[in-house]
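Peer 1: Sharing final07.txt here; it has compact mmCIF, C-alpha atoms.
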# COMPACT_ATOMS: atom_id res chain seq x y z
CA MET A 1386 0.29 -49.11 28.22
CA GLU A 1387 2.53 -48.03 25.39
CA LYS A 1388 3.21 -44.29 25.28
CA SER A 1389 1.96 -42.61 22.11
CA TYR A 1390 4.18 -40.60 19.78
CA SER A 1391 2.31 -37.41 20.70
CA ASP A 1392 3.01 -38.08 24.37
CA SER A 1393 6.69 -38.47 23.55
CA TYR A 1394 6.70 -35.27 21.53
CA ALA A 1395 5.02 -33.41 24.39
CA ALA A 1396 7.65 -34.75 26.76
CA ALA A 1397 10.25 -33.31 24.41
CA GLY A 1398 8.63 -29.92 24.80
CA VAL A 1399 6.36 -29.65 21.73
CA ASP A 1400 2.62 -29.58 22.38
CA VAL A 1401 0.85 -30.42 19.12
CA THR A 1402 -2.55 -29.81 20.70
CA ALA A 1403 -1.52 -26.21 21.41
CA GLY A 1404 -0.79 -25.87 17.71
CA TYR A 1405 -4.29 -27.06 16.85
CA GLU A 1406 -5.78 -24.63 19.35
CA SER A 1407 -3.75 -21.75 17.92
CA VAL A 1408 -5.09 -22.44 14.43
CA GLU A 1409 -8.65 -22.39 15.69
CA LEU A 1410 -8.10 -19.13 17.56
CA ILE A 1411 -6.59 -17.29 14.59
CA LYS A 1412 -9.22 -18.30 12.01
CA SER A 1413 -11.46 -15.30 12.69
CA HIS A 1414 -8.54 -12.90 12.33
CA VAL A 1415 -7.41 -14.46 9.05
CA LYS A 1416 -10.97 -14.25 7.74
CA ARG A 1417 -10.87 -10.45 8.13
CA THR A 1418 -8.15 -10.23 5.50
CA ALA A 1419 -9.97 -12.11 2.73
CA ILE A 1420 -9.94 -10.25 -0.60
CA PRO A 1421 -10.81 -11.30 -4.17
CA GLY A 1422 -8.21 -13.81 -5.29
CA VAL A 1423 -8.02 -15.86 -2.10
CA ILE A 1424 -8.59 -19.55 -2.75
CA GLY A 1425 -9.33 -21.89 0.13
CA GLY A 1426 -8.56 -21.21 3.77
CA ILE A 1427 -5.77 -21.76 6.24
CA GLY A 1428 -4.66 -25.26 7.09
CA GLY A 1429 -3.47 -26.44 3.69
CA PHE A 1430 0.12 -27.07 2.68
CA GLY A 1431 0.25 -23.87 0.67
CA GLY A 1432 -1.61 -20.57 0.60
CA MET A 1433 -3.36 -20.07 -2.75
CA PHE A 1434 -4.12 -16.80 -4.49
CA GLU A 1435 -5.46 -16.26 -8.00
CA LEU A 1436 -3.47 -13.52 -9.69
CA PRO A 1437 -5.49 -10.75 -11.40
CA TRP A 1438 -3.59 -11.05 -14.68
CA GLY A 1439 -6.47 -9.60 -16.69
CA ASP A 1440 -6.14 -6.25 -14.94
CA TYR A 1441 -2.57 -5.79 -16.19
CA LYS A 1442 -0.96 -5.63 -19.63
CA LYS A 1443 2.53 -6.54 -18.40
CA PRO A 1444 2.18 -7.64 -14.79
CA VAL A 1445 5.26 -7.79 -12.58
CA LEU A 1446 5.39 -9.54 -9.23
CA VAL A 1447 7.24 -7.68 -6.48
CA SER A 1448 8.16 -9.49 -3.24
CA GLY A 1449 9.48 -8.45 0.12
CA THR A 1450 10.42 -10.07 3.42
CA ASP A 1451 11.41 -8.66 6.79
CA GLY A 1452 11.09 -9.02 10.53
CA VAL A 1453 10.57 -6.79 13.54
CA GLY A 1454 14.04 -6.91 15.08
CA THR A 1455 14.62 -6.27 18.75
CA LYS A 1456 11.41 -4.27 19.09
CA LEU A 1457 10.13 -7.69 20.14
CA LYS A 1458 11.85 -7.11 23.50
CA LEU A 1459 9.32 -4.34 24.17
CA ALA A 1460 6.46 -6.71 23.47
CA PHE A 1461 7.93 -9.26 25.87
CA LEU A 1462 8.48 -6.73 28.65
CA MET A 1463 5.06 -5.14 28.25
CA ASP A 1464 3.33 -8.47 27.63
CA LYS A 1465 1.61 -6.77 24.71
CA HIS A 1466 1.50 -8.80 21.53
CA ASP A 1467 -1.43 -7.47 19.49
CA THR A 1468 0.44 -4.75 17.57
CA ILE A 1469 3.83 -6.29 16.83
CA GLY A 1470 2.25 -8.08 13.87
CA ILE A 1471 1.33 -4.71 12.35
CA ASP A 1472 5.03 -3.85 12.44
CA CYS A 1473 5.92 -7.06 10.64
CA VAL A 1474 3.41 -6.46 7.86
CA ALA A 1475 4.40 -2.79 7.57
CA MET A 1476 8.08 -3.55 7.08
CA CYS A 1477 7.24 -5.82 4.15
CA VAL A 1478 4.33 -4.11 2.40
CA ASN A 1479 5.79 -0.60 2.60
CA ASP A 1480 8.85 -1.80 0.70
CA VAL A 1481 6.71 -3.44 -1.97
CA ALA A 1482 4.54 -0.33 -2.33
CA CYS A 1483 7.67 1.80 -2.75
CA SER A 1484 8.20 -0.08 -6.01
CA GLY A 1485 4.74 0.95 -7.19
CA ALA A 1486 3.20 -2.46 -6.57
CA LYS A 1487 0.01 -3.40 -4.75
CA PRO A 1488 0.53 -6.07 -2.07
CA LEU A 1489 -1.64 -9.10 -2.77
CA PHE A 1490 -0.96 -11.58 -0.01
CA PHE A 1491 1.13 -12.11 3.10
CA LEU A 1492 2.55 -15.04 5.06
CA ASP A 1493 3.97 -14.95 8.57
CA TYR A 1494 6.45 -17.10 10.45
CA ILE A 1495 6.43 -17.30 14.24
CA ALA A 1496 9.18 -19.19 16.04
CA CYS A 1497 8.52 -19.60 19.76
CA GLY A 1498 10.03 -21.35 22.73
CA LYS A 1499 6.61 -22.59 23.77
CA ASN A 1500 3.28 -22.32 21.98
CA TYR A 1501 0.86 -20.36 24.14
CA PRO A 1502 -2.27 -20.32 21.93
CA GLN A 1503 -3.67 -17.07 23.32
CA LYS A 1504 -0.35 -15.30 22.74
CA ILE A 1505 -0.12 -16.66 19.19
CA GLU A 1506 -3.65 -15.41 18.59
CA GLN A 1507 -2.69 -11.90 19.69
CA ILE A 1508 0.36 -11.89 17.41
CA VAL A 1509 -1.69 -13.04 14.41
CA LYS A 1510 -4.41 -10.55 15.31
CA GLY A 1511 -1.84 -7.82 14.72
CA VAL A 1512 -0.67 -9.42 11.49
CA ALA A 1513 -4.27 -9.54 10.27
CA GLU A 1514 -4.79 -5.89 11.19
CA GLY A 1515 -1.69 -4.95 9.20
CA CYS A 1516 -3.02 -6.89 6.23
CA VAL A 1517 -6.37 -5.12 6.47
CA GLN A 1518 -4.63 -1.74 6.62
CA SER A 1519 -2.62 -2.58 3.50
CA GLY A 1520 -5.43 -4.32 1.61
CA CYS A 1521 -3.71 -7.69 1.26
CA ALA A 1522 -4.74 -11.19 2.32
CA LEU A 1523 -3.16 -13.34 5.00
CA VAL A 1524 -3.07 -16.66 3.13
CA GLY A 1525 -0.87 -18.75 5.39
CA GLY A 1526 1.96 -18.97 7.84
CA GLU A 1527 3.85 -21.18 10.23
CA THR A 1528 4.14 -21.38 14.00
CA ALA A 1529 7.23 -23.37 14.98
CA GLU A 1530 7.83 -24.45 18.57
CA HIS A 1531 11.55 -24.53 19.47
CA PRO A 1532 11.94 -25.92 23.00
CA GLY A 1533 15.49 -25.70 24.25
CA LEU A 1534 16.45 -23.28 21.49
CA MET A 1535 14.42 -20.29 22.66
CA PRO A 1536 13.15 -19.28 26.12
CA ASN A 1537 9.54 -20.36 26.66
CA GLU A 1538 8.20 -16.79 26.86
CA GLU A 1539 9.96 -15.47 23.76
CA TYR A 1540 9.32 -15.65 20.05
CA ASP A 1541 10.56 -14.26 16.75
CA LEU A 1542 8.34 -12.95 14.00
CA ALA A 1543 9.01 -12.53 10.29
CA GLY A 1544 6.87 -12.11 7.21
CA PHE A 1545 6.78 -12.28 3.44
CA THR A 1546 4.59 -10.52 0.91
CA VAL A 1547 4.00 -10.55 -2.83
CA GLY A 1548 2.57 -7.63 -4.75
CA ILE A 1549 1.76 -6.88 -8.36
CA GLY A 1550 2.32 -3.85 -10.56
CA GLU A 1551 2.12 -2.73 -14.18
CA LYS A 1552 5.61 -2.92 -15.64
CA ASP A 1553 5.64 0.58 -17.16
CA LYS A 1554 4.19 2.10 -13.98
CA LEU A 1555 6.67 0.66 -11.50
CA VAL A 1556 8.80 3.18 -9.60
CA SER A 1557 12.28 2.51 -10.91
CA GLY A 1558 13.95 5.90 -10.47
CA GLU A 1559 14.48 6.31 -14.21
CA HIS A 1560 12.51 9.58 -14.24
CA LEU A 1561 14.35 11.08 -11.27
CA LYS A 1562 16.15 14.33 -12.16
CA ALA A 1563 17.54 17.55 -10.78
CA GLY A 1564 14.74 19.91 -9.82
CA ASP A 1565 12.41 17.22 -8.51
CA ALA A 1566 10.69 18.04 -5.24
CA LEU A 1567 11.15 15.76 -2.22
CA ILE A 1568 8.08 15.14 -0.08
CA GLY A 1569 8.39 13.80 3.43
CA VAL A 1570 5.60 11.70 4.94
CA ALA A 1571 5.48 11.51 8.72
CA SER A 1572 6.23 8.33 10.63
CA SER A 1573 4.32 7.17 13.69
CA GLY A 1574 7.50 7.13 15.75
CA VAL A 1575 10.57 4.92 15.91
CA HIS A 1576 8.81 2.27 13.77
CA SER A 1577 10.84 -0.99 13.82
CA ASN A 1578 14.47 0.08 13.45
CA GLY A 1579 17.15 1.26 15.83
CA PHE A 1580 15.79 -0.57 18.86
CA SER A 1581 19.13 -2.06 19.86
CA LEU A 1582 20.37 1.51 20.37
CA VAL A 1583 17.10 2.60 22.01
CA ARG A 1584 17.30 -0.28 24.48
CA LYS A 1585 20.89 0.67 25.36
CA VAL A 1586 20.13 4.38 25.73
CA PHE A 1587 17.24 3.87 28.15
CA ASN A 1588 18.54 0.66 29.73
CA ILE A 1589 15.17 -0.81 28.77
CA GLY A 1590 13.62 -3.00 31.42
CA GLU A 1591 10.49 -3.34 33.50
CA ASP A 1592 11.48 -0.33 35.61
CA THR A 1593 12.09 2.01 32.65
CA ILE A 1594 9.27 1.25 30.19
CA GLY A 1595 6.68 2.51 32.66
CA VAL A 1596 8.29 5.94 33.14
CA TYR A 1597 6.02 8.78 32.02
CA TYR A 1598 7.58 11.59 29.98
CA ASN A 1599 5.78 14.91 29.69
CA GLU A 1600 7.31 15.57 26.28
CA LEU A 1601 5.85 12.31 25.01
CA GLY A 1602 2.51 12.59 26.76
CA LYS A 1603 2.73 8.89 27.59
CA THR A 1604 5.05 6.29 29.07
CA LEU A 1605 8.24 5.33 27.29
CA GLY A 1606 6.89 1.84 26.63
CA GLU A 1607 3.66 3.15 25.12
CA GLU A 1608 5.62 5.42 22.79
CA LEU A 1609 8.09 2.78 21.66
CA ILE A 1610 5.50 0.03 21.06
CA THR A 1611 3.55 2.31 18.67
CA PRO A 1612 3.12 0.29 15.44
CA THR A 1613 4.95 1.15 12.25
CA ARG A 1614 2.77 3.22 9.94
CA ILE A 1615 1.54 1.45 6.82
CA TYR A 1616 1.70 3.68 3.73
CA VAL A 1617 0.33 1.33 1.07
CA LYS A 1618 -3.10 2.83 0.42
CA PRO A 1619 -1.93 6.49 0.43
CA LEU A 1620 0.94 5.61 -1.92
CA LEU A 1621 -1.30 3.76 -4.36
CA THR A 1622 -3.80 6.64 -4.28
CA LEU A 1623 -1.00 9.11 -4.99
CA MET A 1624 0.33 7.03 -7.89
CA ASP A 1625 -3.10 6.97 -9.49
CA SER A 1626 -2.91 10.74 -10.02
CA VAL A 1627 0.74 11.79 -9.90
CA ARG A 1628 3.81 10.19 -11.44
CA VAL A 1629 6.15 9.28 -8.62
CA ASN A 1630 9.77 9.37 -9.74
CA ALA A 1631 11.36 7.63 -6.74
CA ILE A 1632 10.59 6.60 -3.17
CA SER A 1633 12.72 5.85 -0.15
CA HIS A 1634 11.33 3.94 2.84
CA ILE A 1635 13.31 5.26 5.82
CA THR A 1636 14.13 2.12 7.80
CA GLY A 1637 17.38 0.78 9.28
CA GLY A 1638 20.22 3.10 8.41
CA GLY A 1639 18.04 6.20 8.53
CA PHE A 1640 18.44 8.91 5.91
CA TYR A 1641 22.09 8.35 5.05
CA GLU A 1642 21.63 4.75 3.97
CA ASN A 1643 18.10 4.75 2.57
CA VAL A 1644 17.74 8.00 0.62
CA PRO A 1645 20.70 7.19 -1.71
CA ARG A 1646 18.93 3.95 -2.64
CA MET A 1647 16.34 5.99 -4.55
CA LEU A 1648 18.93 8.09 -6.43
CA ASN A 1649 20.65 7.79 -9.79
CA ASP A 1650 24.33 8.52 -10.33
CA GLY A 1651 24.88 12.26 -10.55
CA THR A 1652 21.89 13.17 -8.38
CA LEU A 1653 22.02 14.57 -4.86
CA ALA A 1654 19.10 14.72 -2.42
CA VAL A 1655 19.14 17.95 -0.39
CA ILE A 1656 16.79 17.78 2.61
CA GLU A 1657 15.97 20.58 5.04
CA LYS A 1658 15.77 19.12 8.52
CA SER A 1659 13.62 22.00 9.75
CA LYS A 1660 10.88 20.99 7.31
CA CYS A 1661 10.82 17.34 8.39
CA HIS A 1662 8.38 15.85 10.88
CA ARG A 1663 10.76 15.40 13.82
CA LYS A 1664 9.02 13.86 16.81
CA PRO A 1665 9.77 14.39 20.54
CA ILE A 1666 10.90 10.79 21.00
CA PHE A 1667 13.96 11.44 18.85
CA ASP A 1668 14.97 14.51 20.85
CA LEU A 1669 14.61 12.41 24.00
CA ILE A 1670 16.75 9.60 22.56
CA GLN A 1671 19.45 12.02 21.41
CA LYS A 1672 19.58 13.90 24.71
CA THR A 1673 19.51 10.81 26.93
CA GLY A 1674 22.11 8.94 24.91
CA ASP A 1675 24.26 11.97 24.03
CA ILE A 1676 24.11 10.88 20.40
CA SER A 1677 25.46 13.02 17.56
CA GLU A 1678 23.08 14.51 15.02
CA HIS A 1679 24.73 12.51 12.24
CA ASP A 1680 24.32 9.24 14.10
CA MET A 1681 20.66 10.01 14.80
CA TYR A 1682 19.95 10.52 11.08
CA ASN A 1683 22.05 7.47 10.27
CA THR A 1684 19.99 5.24 12.58
CA PHE A 1685 16.41 6.49 12.86
CA ASN A 1686 13.66 7.81 10.60
CA MET A 1687 13.58 10.96 12.78
CA GLY A 1688 9.82 11.32 12.21
CA THR A 1689 9.82 10.89 8.43
CA GLY A 1690 8.85 7.43 7.23
CA LEU A 1691 8.91 8.07 3.48
CA VAL A 1692 10.72 10.41 1.12
CA ILE A 1693 8.98 10.73 -2.25
CA ALA A 1694 10.34 12.44 -5.36
CA VAL A 1695 7.92 14.02 -7.84
CA ASP A 1696 8.14 16.63 -10.59
CA SER A 1697 8.36 20.04 -8.94
CA ASP A 1698 5.11 21.23 -10.55
CA LYS A 1699 3.29 18.24 -9.02
CA ALA A 1700 4.54 18.75 -5.46
CA ASP A 1701 1.53 20.69 -4.15
CA GLU A 1702 -0.89 18.21 -5.68
CA ALA A 1703 1.03 15.29 -4.18
CA VAL A 1704 1.01 16.85 -0.72
CA ARG A 1705 -2.73 17.51 -1.01
CA ILE A 1706 -3.49 13.92 -2.03
CA LEU A 1707 -1.41 12.48 0.80
CA THR A 1708 -3.00 14.87 3.29
CA ASP A 1709 -6.48 13.89 2.09
CA CYS A 1710 -5.45 10.27 2.76
CA GLY A 1711 -4.75 11.17 6.39
CA GLU A 1712 -0.99 11.52 6.16
CA GLN A 1713 1.20 14.38 7.37
CA ALA A 1714 3.10 15.40 4.26
CA ALA A 1715 5.25 18.38 3.27
CA VAL A 1716 7.92 19.38 0.77
CA ILE A 1717 11.20 18.86 2.61
CA GLY A 1718 13.82 19.28 -0.10
CA GLU A 1719 14.81 18.78 -3.72
CA ILE A 1720 16.99 16.79 -6.07
CA LYS A 1721 20.12 18.55 -7.37
CA ASP A 1722 22.97 17.64 -9.67
CA GLY A 1723 25.91 16.30 -7.71
CA GLU A 1724 27.64 13.26 -6.32
CA LYS A 1725 25.11 10.57 -5.44
CA GLY A 1726 24.12 10.92 -1.80
CA VAL A 1727 22.05 12.90 0.67
CA GLU A 1728 22.80 16.27 2.20
CA LEU A 1729 20.92 17.33 5.34
CA VAL A 1730 20.88 21.08 5.91
Would you encode the structure as structure tokens?

Peer 2:
Amino acid sequence: MEKSYSDSYAAAGVDVTAGYESVELIKSHVKRTAIPGVIGGIGGFGGMFELPWGDYKKPVLVSGTDGVGTKLKLAFLMDKHDTIGIDCVAMCVNDVACSGAKPLFFLDYIACGKNYPQKIEQIVKGVAEGCVQSGCALVGGETAEHPGLMPNEEYDLAGFTVGIGEKDKLVSGEHLKAGDALIGVASSGVHSNGFSLVRKVFNIGEDTIGVYYNELGKTLGEELITPTRIYVKPLLTLMDSVRVNAISHITGGGFYENVPRMLNDGTLAVIEKSKCHRKPIFDLIQKTGDISEHDMYNTFNMGTGLVIAVDSDKADEAVRILTDCGEQAAVIGEIKDGEKGVELV
């Protein structure tokens, strides 16, 4: 009997039936993310979304793409795959929201050595949860099986989002000025950056992720796998009431690389470290790795996921709104005249 093409493909390491099973398993998770504007369902050649042009005078589309980095190693070691998708969504939608835009839809890309449908379902479950948290729709994606290129048990995850905003309400930094107050919003932990250093510091492996630390109140693995916090809804709520002059999402490069991205020439961000939301995990990383204070703030968010600039007379109102949205927020510094950069005191 002649061997079919699908049999030959399976012999080459790609199981098309596993792909079909994965799609069936993820349908219920994708359905959770449906919002007005979604057209059709998954399975087509392109995800469709009807743009709400009528709600905007001069609509601007804002896009963002990112991945999870080597935090994936934690997911592999812990065999826990239902939250890493939240991280992927967070890294994309937080950036878009920092521009003053509302994320509309999201697409994911999973590259794996072997398609294990139940594992793919758990990954997409996390992606869907991130979309629900940010109020956007999961309209499509791709799962690519790469036998021989990646180990069977491993995968990579990336995402892409598109948001929309009113042109004259986008956060461009044009209103930023000396005297503005800087508000810090707490992170949930390490988020999704700096994990190459974290893995080196703790010699991350099966024997180290299960170690319990009193200062953390949990195991190292449980702390590090904590999903990146999604700030979309609190930010949009804040922008409805208070003009936000600039925002910095503290990701890779920590404070020293990300805060200057929100500044104009001739403005200096002065931040008081004692007023930030430093978390125990960062003290543990610094002590264990004997890392300098500068390098810590140049690598990690140090417990502050966002830095927001508002007019000084709006600072208290902004903190109240963010707190009412469930965030930990506080005034942590101010904008001054000076050479463009950030000064941590």

Peer 1: List every residue of region 1558-1625 of chain A that has an atom at most 9 Å from any atom of region 1486-1510 of chain A, and for each one report the closest atom pair and its distance in Å to one decimal, counting all atoms listed in the file, with rows sorted by chain and then by increasing residue number, as a Markdown table.

Peer 2:
| residue | atom | partner | partner_atom | distance |
| --- | --- | --- | --- | --- |
| A:Val1617 | CA | A:Lys1487 | CA | 7.5 |
| A:Lys1618 | CA | A:Lys1487 | CA | 8.7 |
| A:Leu1621 | CA | A:Lys1487 | CA | 7.3 |

Peer 1: Between CA of Leu1567 (chain A) and CA of Val1716 (chain A), what distance in Å does the model show, to one decimal?

Peer 2: 5.7 Å

Peer 1: Counting all atoms listed in the file, what is within 6 Å of Gly1470 (chain A), bar same-chain residues fewer than 2 positions away, as a list in words?

Peer 2: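 That gives Thr1468, Asp1472, Cys1473, Ile1508, Gly1511 and Val1512 of chain A.
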
Peer 1: Just write the chosen residues, C-alpha atoms, as a PDB file, in the frame of the given file.

Peer 2:
ATOM      1  CA  THR A1468       0.440  -4.750  17.570  1.00  0.00           C
ATOM      2  CA  ASP A1472       5.030  -3.850  12.440  1.00  0.00           C
ATOM      3  CA  CYS A1473       5.920  -7.060  10.640  1.00  0.00           C
ATOM      4  CA  ILE A1508       0.360 -11.890  17.410  1.00  0.00           C
ATOM      5  CA  GLY A1511      -1.840  -7.820  14.720  1.00  0.00           C
ATOM      6  CA  VAL A1512      -0.670  -9.420  11.490  1.00  0.00           C
TER       7      VAL A1512
END

Peer 1: Find the residues near Gly1602 (chain A): any atom within 12 Å, counting only C-alpha atoms, skip ones fewer than 6 places away on the same chain, and give them as a list in words.

Peer 2: Val1596, Glu1608, Lys1664, Pro1665 and Ile1666 of chain A

Peer 1: Which one of A:Leu1605, A:Val1445, A:Val1586, A:Val1575 sits closest to Gly1637 (chain A) if you count only C-alpha atoms?

Peer 2: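 Of all the options, A:Val1575 lies closest to Gly1637 (chain A).
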
Peer 1: Nearest residue to Glu1657 (chain A) out of A:Val1727, A:Ala1703, A:Thr1593, A:Lys1603, using only C-alpha atoms?

Peer 2: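 Comparing A:Val1727, A:Ala1703, A:Thr1593, A:Lys1603 against Glu1657 (chain A), the winner is A:Val1727.
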
Peer 1: Mind listing as a count of residues only all residues within 12 Å of (19.0, -1.4, -1.5), counting all atoms listed in the file?

Peer 2: 18

Peer 1: Which residues, written as an NGL selection string, have at least one atom at most 7 Å from region 1683-1697 of chain A, with only C-alpha atoms counted and residues fewer than 2 positions away on the same chain left out?

Peer 2: :A and (1564-1572 or 1574-1575 or 1578-1579 or 1628-1642 or 1661-1664 or 1667 or 1679-1681 or 1699-1700)

Peer 1: With all atoms listed in the file as the atoms that count, which of A:Lys1660, A:Lys1721, A:His1576, A:His1531 lies nearest to Ile1471 (chain A)?

Peer 2: A:His1576

Peer 1: Contacts of Pro1619 (chain A) at 9 Å or less, counting all atoms listed in the file, minus same-chain residues fewer than 5 places along, as a list in words?

Peer 2: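 My reading of the contact set: Met1624, Ile1706, Leu1707, Thr1708, Asp1709, Cys1710, Gly1711 and Glu1712 of chain A.
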
Peer 1: Please, what distance in Å, to one decimal, runs between CA of Glu1406 (chain A) and CA of Thr1528 (chain A)?

Peer 2: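 Result for CA of Glu1406 (chain A) versus CA of Thr1528 (chain A): 11.7 Å, one decimal.
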